[in-house]
file entry-v5.cif (mmCIF, C-alpha atoms and all ligand atoms)
data_input
loop_
_atom_site.label_atom_id
_atom_site.label_comp_id
_atom_site.auth_asym_id
_atom_site.auth_seq_id
_atom_site.Cartn_x
_atom_site.Cartn_y
_atom_site.Cartn_z
CA MET Q 191 3.08 -10.98 -8.47
CA VAL Q 192 6.73 -11.66 -9.27
CA LYS Q 193 7.31 -15.26 -10.36
CA LEU Q 194 10.81 -16.46 -9.59
CA TYR Q 195 11.02 -18.87 -12.51
CA GLU Q 196 10.03 -16.03 -14.86
CA VAL Q 197 12.51 -13.45 -13.63
CA LEU Q 198 15.31 -16.04 -13.44
CA LYS Q 199 14.60 -17.53 -16.88
CA GLY Q 200 17.86 -17.80 -18.84
CA ALA Q 201 19.85 -16.11 -16.06
CA LYS Q 202 23.32 -17.40 -15.21
CA ARG Q 203 24.13 -15.00 -12.39
CA ALA Q 204 21.83 -13.45 -9.84
CA GLY Q 205 22.66 -10.97 -7.08
CA ILE Q 206 20.65 -10.01 -4.02
CA ALA Q 207 21.05 -6.97 -1.75
CA GLY Q 208 19.10 -5.20 0.98
CA HIS Q 209 19.27 -1.82 2.63
CA VAL Q 210 22.20 -0.26 4.49
CA ARG Q 211 22.43 -1.06 8.21
CA PRO Q 212 20.58 -4.35 7.64
CA ASP Q 213 17.84 -5.19 10.13
CA GLY Q 214 16.06 -8.51 10.71
CA ASP Q 215 13.64 -8.27 7.81
CA CYS Q 216 16.30 -7.17 5.37
CA THR Q 217 18.72 -9.92 6.44
CA GLY Q 218 16.03 -12.59 6.71
CA SER Q 219 14.47 -11.89 3.32
CA CYS Q 220 17.87 -11.71 1.57
CA LEU Q 221 19.19 -14.93 3.11
CA ALA Q 222 15.94 -16.80 2.50
CA LEU Q 223 15.90 -15.89 -1.19
CA TYR Q 224 19.64 -16.56 -1.49
CA GLN Q 225 19.24 -20.09 -0.11
CA TYR Q 226 16.11 -20.81 -2.13
CA ILE Q 227 17.68 -19.81 -5.46
CA GLY Q 228 20.79 -21.79 -4.54
CA LEU Q 229 18.68 -24.89 -3.85
CA TYR Q 230 16.13 -24.80 -6.66
CA PHE Q 231 17.79 -22.90 -9.52
CA PRO Q 232 21.04 -24.86 -9.90
CA GLU Q 233 21.81 -23.20 -13.25
CA VAL Q 234 21.96 -19.78 -11.56
CA ALA Q 235 25.04 -18.72 -9.54
CA VAL Q 236 23.72 -16.50 -6.76
CA ASP Q 237 25.46 -13.99 -4.47
CA VAL Q 238 24.13 -11.93 -1.58
CA TYR Q 239 25.45 -8.48 -0.58
CA LEU Q 240 24.84 -6.79 2.76
CA GLU Q 241 26.68 -4.52 5.15
CA GLU Q 242 27.75 -6.07 8.44
CA ILE Q 243 24.79 -7.78 10.16
CA PRO Q 244 24.12 -7.98 13.92
CA ASN Q 245 26.07 -10.85 15.55
CA SER Q 246 22.96 -12.77 16.56
CA PHE Q 247 21.83 -13.06 12.90
CA HIS Q 248 24.84 -15.30 12.24
CA MET Q 249 22.67 -18.17 13.44
CA LEU Q 250 21.06 -18.09 9.97
CA THR Q 251 22.32 -20.41 7.25
CA GLY Q 252 24.20 -18.48 4.59
CA ALA Q 253 25.10 -15.59 6.91
CA ASP Q 254 28.80 -16.42 6.56
CA GLU Q 255 28.53 -16.32 2.77
CA ILE Q 256 27.34 -12.71 2.63
CA CYS Q 257 29.64 -10.56 0.47
CA HIS Q 258 30.60 -7.31 2.18
CA GLY Q 259 32.60 -5.87 -0.70
CA LEU Q 260 32.28 -5.39 -4.45
CA PRO Q 261 33.55 -7.98 -6.94
CA GLU Q 262 35.55 -6.79 -9.94
CA ASN Q 263 33.82 -6.52 -13.32
CA MET Q 264 30.68 -8.36 -12.28
CA VAL Q 265 27.50 -7.83 -14.29
CA TYR Q 266 24.49 -9.75 -12.99
CA ASP Q 267 21.75 -11.04 -15.27
CA VAL Q 268 19.22 -10.41 -12.52
CA PHE Q 269 19.66 -8.31 -9.41
CA PHE Q 270 17.16 -8.28 -6.54
CA ALA Q 271 16.79 -5.29 -4.20
CA LEU Q 272 14.91 -6.43 -1.12
CA ASP Q 273 13.35 -4.37 1.69
CA CYS Q 274 14.83 -1.24 0.16
CA GLY Q 275 12.92 1.89 -0.89
CA ASP Q 276 15.46 3.52 -3.22
CA VAL Q 277 18.77 2.79 -4.95
CA GLY Q 278 20.73 5.00 -2.57
CA ARG Q 279 19.68 2.82 0.34
CA LEU Q 280 21.38 -0.18 -1.28
CA GLY Q 281 24.70 1.37 -0.22
CA PHE Q 282 27.80 -0.21 -1.74
CA ALA Q 283 25.71 -2.76 -3.69
CA GLY Q 284 23.96 0.03 -5.60
CA THR Q 285 26.51 -0.08 -8.43
CA LEU Q 286 25.82 -3.80 -8.98
CA PHE Q 287 22.11 -3.05 -9.17
CA GLU Q 288 22.70 -0.25 -11.67
CA LYS Q 289 24.89 -2.42 -13.92
CA ALA Q 290 22.57 -5.46 -13.85
CA LYS Q 291 20.75 -6.53 -17.03
CA LYS Q 292 17.45 -6.94 -15.22
CA THR Q 293 16.44 -5.59 -11.82
CA VAL Q 294 13.72 -6.71 -9.43
CA CYS Q 295 12.53 -4.90 -6.31
CA ILE Q 296 10.44 -6.57 -3.63
CA ASP Q 297 9.55 -4.28 -0.76
CA HIS Q 298 6.91 -2.91 1.61
CA HIS Q 299 8.10 0.67 2.23
CA VAL Q 300 5.41 3.27 1.43
CA SER Q 301 8.21 5.55 0.26
CA ASN Q 302 9.33 3.05 -2.41
CA GLU Q 303 9.78 4.69 -5.81
CA SER Q 304 9.38 1.48 -7.90
CA PHE Q 305 12.92 1.95 -9.16
CA ALA Q 306 13.53 -1.51 -10.68
CA ASP Q 307 12.46 -3.09 -13.99
CA VAL Q 308 10.10 -5.41 -12.11
CA ASN Q 309 8.56 -4.12 -8.89
CA GLN Q 310 6.46 -5.74 -6.23
CA ILE Q 311 5.74 -3.09 -3.64
CA VAL Q 312 3.11 -3.91 -1.03
CA PRO Q 313 3.08 -1.11 1.57
CA ASP Q 314 0.67 -2.83 3.93
CA ALA Q 315 2.60 -6.11 3.99
CA SER Q 316 4.03 -6.93 7.42
CA SER Q 317 7.51 -7.44 6.05
CA THR Q 318 9.52 -8.14 2.93
CA SER Q 319 10.05 -11.60 4.39
CA GLU Q 320 6.31 -12.29 4.17
CA LEU Q 321 6.38 -11.18 0.51
CA ILE Q 322 9.32 -13.48 -0.20
CA TYR Q 323 7.49 -16.33 1.59
CA ASN Q 324 4.58 -15.78 -0.81
CA LEU Q 325 6.87 -16.13 -3.83
CA MET Q 326 8.06 -19.53 -2.71
CA ASP Q 327 6.60 -22.94 -3.29
CA LYS Q 328 5.48 -23.83 0.26
CA GLU Q 329 6.56 -27.47 -0.02
CA LYS Q 330 10.03 -26.40 -1.07
CA ILE Q 331 10.69 -24.20 1.95
CA THR Q 332 13.40 -25.92 3.99
CA LYS Q 333 13.89 -25.53 7.73
CA GLU Q 334 16.85 -23.18 7.08
CA VAL Q 335 14.87 -20.99 4.67
CA ALA Q 336 12.00 -20.97 7.19
CA GLU Q 337 14.35 -19.74 9.94
CA ALA Q 338 15.41 -16.75 7.85
CA LEU Q 339 11.82 -15.85 6.91
CA TYR Q 340 10.58 -16.26 10.47
CA LEU Q 341 13.34 -14.03 11.82
CA GLY Q 342 12.41 -11.37 9.25
CA ILE Q 343 8.69 -11.46 10.02
CA VAL Q 344 9.27 -11.48 13.78
CA HIS Q 345 11.52 -8.41 13.62
CA ASP Q 346 9.36 -6.25 11.37
CA THR Q 347 6.17 -7.03 13.30
CA GLY Q 348 7.74 -6.62 16.75
CA VAL Q 349 6.97 -10.31 17.35
CA PHE Q 350 3.54 -10.25 15.65
CA GLN Q 351 2.56 -7.13 17.59
CA TYR Q 352 2.31 -4.18 15.17
CA SER Q 353 -0.84 -3.34 13.22
CA SER Q 354 0.88 -4.57 10.05
CA THR Q 355 0.39 -8.12 11.41
CA LYS Q 356 -2.44 -9.61 9.35
CA PRO Q 357 -4.09 -13.03 9.50
CA SER Q 358 -1.88 -13.88 6.50
CA THR Q 359 1.17 -12.99 8.59
CA MET Q 360 0.15 -15.38 11.35
CA GLU Q 361 -0.59 -18.04 8.74
CA ALA Q 362 2.88 -17.61 7.27
CA GLY Q 363 4.34 -17.83 10.80
CA ALA Q 364 2.36 -21.04 11.46
CA GLU Q 365 3.53 -22.62 8.21
CA LEU Q 366 7.15 -21.70 8.99
CA LEU Q 367 6.86 -23.24 12.48
CA ARG Q 368 5.65 -26.46 10.82
CA LYS Q 369 9.03 -26.67 9.13
CA GLY Q 370 10.47 -27.59 12.53
CA ILE Q 371 12.19 -24.31 13.36
CA ASP Q 372 12.81 -23.24 16.96
CA GLY Q 373 10.63 -20.10 16.96
CA PRO Q 374 11.14 -19.11 20.62
CA LYS Q 375 14.91 -19.40 20.23
CA ILE Q 376 14.94 -17.15 17.16
CA ILE Q 377 12.85 -14.56 19.02
CA GLU Q 378 14.89 -14.75 22.21
CA LYS Q 379 18.36 -14.78 20.62
CA THR Q 380 17.84 -12.25 17.85
CA PHE Q 381 15.13 -9.96 19.16
CA PHE Q 382 15.12 -9.76 22.95
CA GLU Q 383 18.65 -10.71 23.97
CA LYS Q 384 20.98 -7.75 24.57
CA THR Q 385 24.62 -7.61 25.55
CA TYR Q 386 25.64 -6.01 28.83
CA ALA Q 387 26.97 -2.99 26.89
CA GLN Q 388 23.70 -2.68 24.98
CA ASN Q 389 21.78 -2.57 28.26
CA GLN Q 390 24.13 0.09 29.59
CA VAL Q 391 23.72 2.30 26.56
CA LEU Q 392 19.94 1.77 26.72
CA GLY Q 393 20.11 2.87 30.35
CA LYS Q 394 21.96 6.03 29.36
CA ALA Q 395 19.45 6.81 26.63
CA LEU Q 396 16.50 6.29 28.98
CA LEU Q 397 17.93 8.26 31.86
CA GLU Q 398 20.35 10.98 30.84
CA SER Q 399 19.46 12.33 27.42
CA ILE Q 400 15.73 11.61 27.48
CA ARG Q 401 13.18 14.44 27.09
CA LEU Q 402 9.39 14.44 27.04
CA MET Q 403 8.02 17.23 24.83
CA ASP Q 404 4.39 18.31 25.39
CA GLY Q 405 3.73 14.84 26.82
CA LYS Q 406 3.20 13.54 23.27
CA VAL Q 407 6.70 13.27 21.83
CA ILE Q 408 9.62 11.60 23.53
CA PHE Q 409 13.19 11.82 22.34
CA SER Q 410 16.65 10.71 23.26
CA TYR Q 411 20.06 10.48 21.63
CA ILE Q 412 23.47 8.86 21.88
CA THR Q 413 26.65 10.59 20.73
CA LYS Q 414 29.58 8.84 19.06
CA LYS Q 415 31.61 9.58 22.18
CA SER Q 416 29.13 7.56 24.27
CA MET Q 417 29.14 4.78 21.69
CA SER Q 418 32.88 4.45 21.92
CA PHE Q 419 32.76 4.70 25.74
CA PHE Q 420 30.36 1.74 25.94
CA GLY Q 421 32.03 -0.08 23.04
CA VAL Q 422 28.86 -0.31 20.96
CA LYS Q 423 28.16 0.13 17.26
CA ALA Q 424 25.12 1.51 15.47
CA LYS Q 425 23.67 -1.98 15.04
CA ASP Q 426 23.68 -2.37 18.86
CA LEU Q 427 21.28 0.54 19.31
CA GLU Q 428 18.27 -1.18 17.77
CA GLY Q 429 15.42 -1.39 20.21
CA ILE Q 430 16.09 1.86 22.03
CA VAL Q 431 13.48 3.74 20.00
CA SER Q 432 10.89 1.01 20.68
CA GLN Q 433 11.55 1.32 24.40
CA LEU Q 434 10.97 5.10 24.16
CA ARG Q 435 7.74 4.48 22.25
CA VAL Q 436 6.10 2.34 24.94
CA THR Q 437 5.91 5.35 27.29
CA ALA Q 438 2.27 5.94 28.24
CA GLY Q 439 0.66 8.94 26.53
CA VAL Q 440 3.39 9.29 23.95
CA GLU Q 441 2.42 9.43 20.26
CA VAL Q 442 5.86 9.69 18.69
CA ALA Q 443 9.30 8.50 19.77
CA ILE Q 444 12.46 9.99 18.28
CA PHE Q 445 15.88 8.45 18.74
CA LEU Q 446 19.07 9.92 17.29
CA TYR Q 447 22.59 8.60 17.21
CA GLU Q 448 25.64 10.30 15.88
CA LEU Q 449 27.35 8.91 12.78
CA GLU Q 450 31.11 9.02 12.21
CA SER Q 451 30.49 11.98 9.88
CA GLY Q 452 28.94 13.97 12.74
CA GLU Q 453 25.49 13.76 11.13
CA PHE Q 454 22.65 12.14 13.07
CA LYS Q 455 20.75 9.02 12.13
CA VAL Q 456 17.17 9.50 13.26
CA SER Q 457 14.67 6.73 14.05
CA LEU Q 458 10.99 7.61 14.34
CA ARG Q 459 8.18 5.46 15.74
CA SER Q 460 4.53 6.35 16.22
CA LYS Q 461 1.43 4.89 17.81
CA GLU Q 462 -1.80 6.03 16.15
CA LYS Q 463 -1.92 9.64 15.08
CA VAL Q 464 1.24 10.46 13.19
CA ASP Q 465 2.46 9.16 9.84
CA VAL Q 466 6.19 9.20 10.52
CA SER Q 467 7.06 8.18 6.96
CA LYS Q 468 5.70 11.60 5.92
CA VAL Q 469 7.90 13.31 8.51
CA ALA Q 470 10.93 11.27 7.42
CA ARG Q 471 10.32 12.01 3.73
CA TYR Q 472 10.16 15.73 4.45
CA PHE Q 473 13.79 15.43 5.60
CA GLY Q 474 14.88 13.17 2.73
CA GLY Q 475 14.37 9.87 4.56
CA GLY Q 476 11.64 7.26 4.31
CA GLY Q 477 10.09 4.17 5.81
CA HIS Q 478 6.67 3.12 7.01
CA VAL Q 479 3.69 4.89 8.58
CA ARG Q 480 4.63 3.70 12.09
CA ALA Q 481 8.42 3.31 11.70
CA ALA Q 482 10.66 5.54 9.62
CA GLY Q 483 14.12 7.05 9.54
CA LEU Q 484 16.35 9.74 8.07
CA THR Q 485 19.78 11.28 8.30
CA PHE Q 486 19.99 14.82 9.73
CA ARG Q 487 22.83 17.26 9.23
CA GLY Q 488 23.03 19.63 12.18
CA THR Q 489 22.94 19.61 15.95
CA VAL Q 490 20.66 17.49 18.13
CA TYR Q 491 18.91 20.72 19.08
CA ASP Q 492 18.21 21.60 15.42
CA ALA Q 493 17.10 18.07 14.66
CA VAL Q 494 14.60 17.99 17.47
CA ASN Q 495 13.21 21.45 16.73
CA ASN Q 496 12.78 20.69 13.05
CA LEU Q 497 11.23 17.29 13.68
CA MET Q 498 8.92 18.71 16.34
CA ASN Q 499 7.62 21.29 13.84
CA GLN Q 500 6.66 18.60 11.36
CA ILE Q 501 5.20 16.27 13.98
CA SER Q 502 3.18 19.10 15.57
CA LEU Q 503 1.51 19.83 12.22
CA GLN Q 504 0.11 16.31 12.19
CA LEU Q 505 -0.74 16.24 15.90
CA GLU Q 506 -2.66 19.52 15.51
CA ASP Q 507 -4.49 18.21 12.44
CA GLY Q 508 -5.59 15.10 14.27
CA ALA Q 509 -6.29 16.78 17.62
P1 LIG Q 601 15.09 2.39 11.67
O1 LIG Q 601 14.55 3.50 12.51
O2 LIG Q 601 14.87 1.05 12.31
O3 LIG Q 601 16.49 2.63 11.20
O4 LIG Q 601 14.21 2.39 10.34
C1 LIG Q 601 12.82 2.33 10.35
C2 LIG Q 601 12.32 2.18 8.93
O5 LIG Q 601 12.63 3.34 8.18
C3 LIG Q 601 12.96 1.02 8.18
O6 LIG Q 601 11.98 0.42 7.38
C4 LIG Q 601 14.04 1.66 7.35
O7 LIG Q 601 14.26 0.95 6.17
C5 LIG Q 601 13.48 3.06 7.08
N1 LIG Q 601 14.57 4.06 7.07
C6 LIG Q 601 15.42 4.34 8.08
N2 LIG Q 601 16.28 5.31 7.73
C7 LIG Q 601 15.98 5.66 6.45
C8 LIG Q 601 16.54 6.61 5.53
O8 LIG Q 601 17.49 7.34 5.82
N3 LIG Q 601 15.96 6.66 4.30
C9 LIG Q 601 14.92 5.85 3.95
N4 LIG Q 601 14.41 5.97 2.71
N5 LIG Q 601 14.36 4.97 4.79
C10 LIG Q 601 14.87 4.85 6.04
MN MN Q 602 11.16 -4.46 6.29
#

call {"tool": "encode", "arguments": {"input": "entry-v5.cif", "output": "structure tokens"}}
result
Amino acid sequence: MVKLYEVLKGAKRAGIAGHVRPDGDCTGSCLALYQYIGLYFPEVAVDVYLEEIPNSFHMLTGADEICHGLPENMVYDVFFALDCGDVGRLGFAGTLFEKAKKTVCIDHHVSNESFADVNQIVPDASSTSELIYNLMDKEKITKEVAEALYLGIVHDTGVFQYSSTKPSTMEAGAELLRKGIDGPKIIEKTFFEKTYAQNQVLGKALLESIRLMDGKVIFSYITKKSMSFFGVKAKDLEGIVSQLRVTAGVEVAIFLYELESGEFKVSLRSKEKVDVSKVARYFGGGGHVRAAGLTFRGTVYDAVNNLMNQISLQLEDGA
């Protein structure tokens, strides 16, 4: 297991980054580690790099200190890649990672290529936030660090729901609650609460563009035209794929949204029979067995046909 005092030994500057389009686990794990190093490694100057985060995550301490652009001529002694399966997924922060003297990757994606000098990849961990929790001295976890970790765990487990939730996950959650955090508020404000526009776009996805294929696969999509009509951004579309997935009888849910480039970002979720990380990897993406993603170049029609072919192979195998 990675030991923070070992990897930070002699370091003067440390950087932290997570994956593009940061979600709860990515943001929570990055901000927790950022705060913890800031508090307990005073000799190390630490920075955190992420793309724009969802508005509700600004309740976390340190969120306003996130760097969204690259500094000039910065070479970090240690650079942490969190919740990220490959260098490309670090986005703009990738160059900082590549220039760093020592790199550390802490992650739980099955598709992770162990691309750093020091790697801690635990595919069956609930979340990167749980892995970061395990690196910390429990007594030293402050309420603010606990909030970030709790948010991360809650998001990647669907509020302690998915099969990745282990007894250890619940124990971590319990310990974090003991720090005096407002757990229900974190869940309500960052996970369940949606803006009016988000509900409208969800409504469109569930009514107009939805299709049920062979009763086992459900898909829907949102174009960039619709996104601008409703005034929503990509980060506002989280949760749509989970809503598709709850449909009775469905094994796989597919949600696509159009990127500025005209390509489609694809989210895949499964219940029991299909390893969607395998499907995603076939198309150059990655993720977890039950939640994965990729970028597809082509029409919605092509995307769905191609994805259906790969999914059918697994459904037939398991049938
Ligand atoms: P989401 O569907 O929420 O965007 O992503 C689900 C999971 O798949 C997340 O763990 C995310 O990091 C991963 N993922 C999503 N898109 C990609 C992608 O294009 N490449 C890789 N390697 N992983 C992805
Ligand atoms: Mn994660």

call {"tool": "residues_around", "arguments": {"input": "entry-v5.cif", "residues": "Val210 of chain Q", "least_positions_apart": "6", "cutoff": "6 Å", "atoms": "only C-alpha atoms", "output": "PyMOL selection string"}}
result
chain Q and resi 279-281

call {"tool": "axis_aligned_box", "arguments": {"input": "entry-v5.cif", "around": "segment 371-385 of chain Q", "padding_each_side": "5 Å", "output": "lines of an AutoDock Vina configuration file"}}
result
center_x = 17.6
center_y = -16.0
center_z = 19.5
size_x = 24.0
size_y = 26.7
size_z = 22.2

call {"tool": "residues_around", "arguments": {"input": "entry-v5.cif", "residues": "segment 393-398 of chain Q", "least_positions_apart": "5", "cutoff": "9 Å", "atoms": "all atoms listed in the file", "output": "list of chain:residue names"}}
result
Q:Gln388, Q:Ser410, Q:Tyr411, Q:Ile412, Q:Ser416, Q:Ile430, Q:Gln433, Q:Leu434, Q:Phe445

call {"tool": "atom_distance", "arguments": {"input": "entry-v5.cif", "atom1": "atom CA of Asp426 of chain Q", "atom2": "atom CA of Lys384 of chain Q"}}
result
8.3 Å

call {"tool": "closest_atom_pairs", "arguments": {"input": "entry-v5.cif", "of": "segment 380-435 of chain Q", "to": "segment 339-362 of chain Q", "cutoff": "10 Å", "atoms": "only C-alpha atoms", "output": "JSON lines"}}
result
{"residue": "Q:Thr380", "atom": "CA", "partner": "Q:Leu341", "partner_atom": "CA", "distance": 7.7}
{"residue": "Q:Phe381", "atom": "CA", "partner": "Q:His345", "partner_atom": "CA", "distance": 6.8}
{"residue": "Q:Phe382", "atom": "CA", "partner": "Q:Val349", "partner_atom": "CA", "distance": 9.9}
{"residue": "Q:Gly429", "atom": "CA", "partner": "Q:Gly348", "partner_atom": "CA", "distance": 9.9}
{"residue": "Q:Ser432", "atom": "CA", "partner": "Q:Gly348", "partner_atom": "CA", "distance": 9.1}

call {"tool": "residues_near_ligand", "arguments": {"input": "entry-v5.cif", "ligand": "ligand MN 602 (chain Q)", "cutoff": "8 Å", "atoms": "only C-alpha atoms and all ligand atoms", "output": "compact mmCIF listing (two decimals) with C-alpha atoms, keeping the file's coordinate frame"}}
result
# COMPACT_ATOMS: atom_id res chain seq x y z
CA ASP Q 213 17.84 -5.19 10.13
CA GLY Q 214 16.06 -8.51 10.71
CA ASP Q 215 13.64 -8.27 7.81
CA CYS Q 216 16.30 -7.17 5.37
CA ASP Q 273 13.35 -4.37 1.69
CA CYS Q 274 14.83 -1.24 0.16
CA ASP Q 297 9.55 -4.28 -0.76
CA HIS Q 298 6.91 -2.91 1.61
CA HIS Q 299 8.10 0.67 2.23
CA SER Q 316 4.03 -6.93 7.42
CA SER Q 317 7.51 -7.44 6.05
CA THR Q 318 9.52 -8.14 2.93
CA SER Q 319 10.05 -11.60 4.39
CA GLY Q 342 12.41 -11.37 9.25
CA ASP Q 346 9.36 -6.25 11.37

call {"tool": "residues_near_point", "arguments": {"input": "entry-v5.cif", "point": "(8.0, 6.6, 11.4)", "cutoff": "6 Å", "atoms": "only C-alpha atoms", "output": "tab-separated table (two decimals) with C-alpha atoms, in the frame of the given file"}}
result
chain	number	residue	atom	x	y	z
Q	458	LEU	CA	10.99	7.61	14.34
Q	459	ARG	CA	8.18	5.46	15.74
Q	460	SER	CA	4.53	6.35	16.22
Q	466	VAL	CA	6.19	9.20	10.52
Q	467	SER	CA	7.06	8.18	6.96
Q	478	HIS	CA	6.67	3.12	7.01
Q	479	VAL	CA	3.69	4.89	8.58
Q	480	ARG	CA	4.63	3.70	12.09
Q	481	ALA	CA	8.42	3.31	11.70
Q	482	ALA	CA	10.66	5.54	9.62

call {"tool": "residues_near_point", "arguments": {"input": "entry-v5.cif", "point": "(24.5, -21.6, 5.8)", "cutoff": "12 Å", "atoms": "all atoms listed in the file", "output": "VMD selection string"}}
result
chain Q and resid 221 to 222 224 to 226 228 to 229 247 to 256 333 to 335 337 to 338

call {"tool": "atom_distance", "arguments": {"input": "entry-v5.cif", "atom1": "atom CA of Leu240 of chain Q", "atom2": "atom CA of Asn309 of chain Q"}}
result
20.2 Å

call {"tool": "atom_distance", "arguments": {"input": "entry-v5.cif", "atom1": "atom CA of Tyr491 of chain Q", "atom2": "atom CA of Gly278 of chain Q"}}
result
26.8 Å

call {"tool": "closest_residue", "arguments": {"input": "entry-v5.cif", "among": "Q:Ala364, Q:Val300, Q:Leu402, Q:Ile371", "to": "ligand LIG 601 (chain Q)", "atoms": "all atoms listed in the file"}}
result
Q:Val300
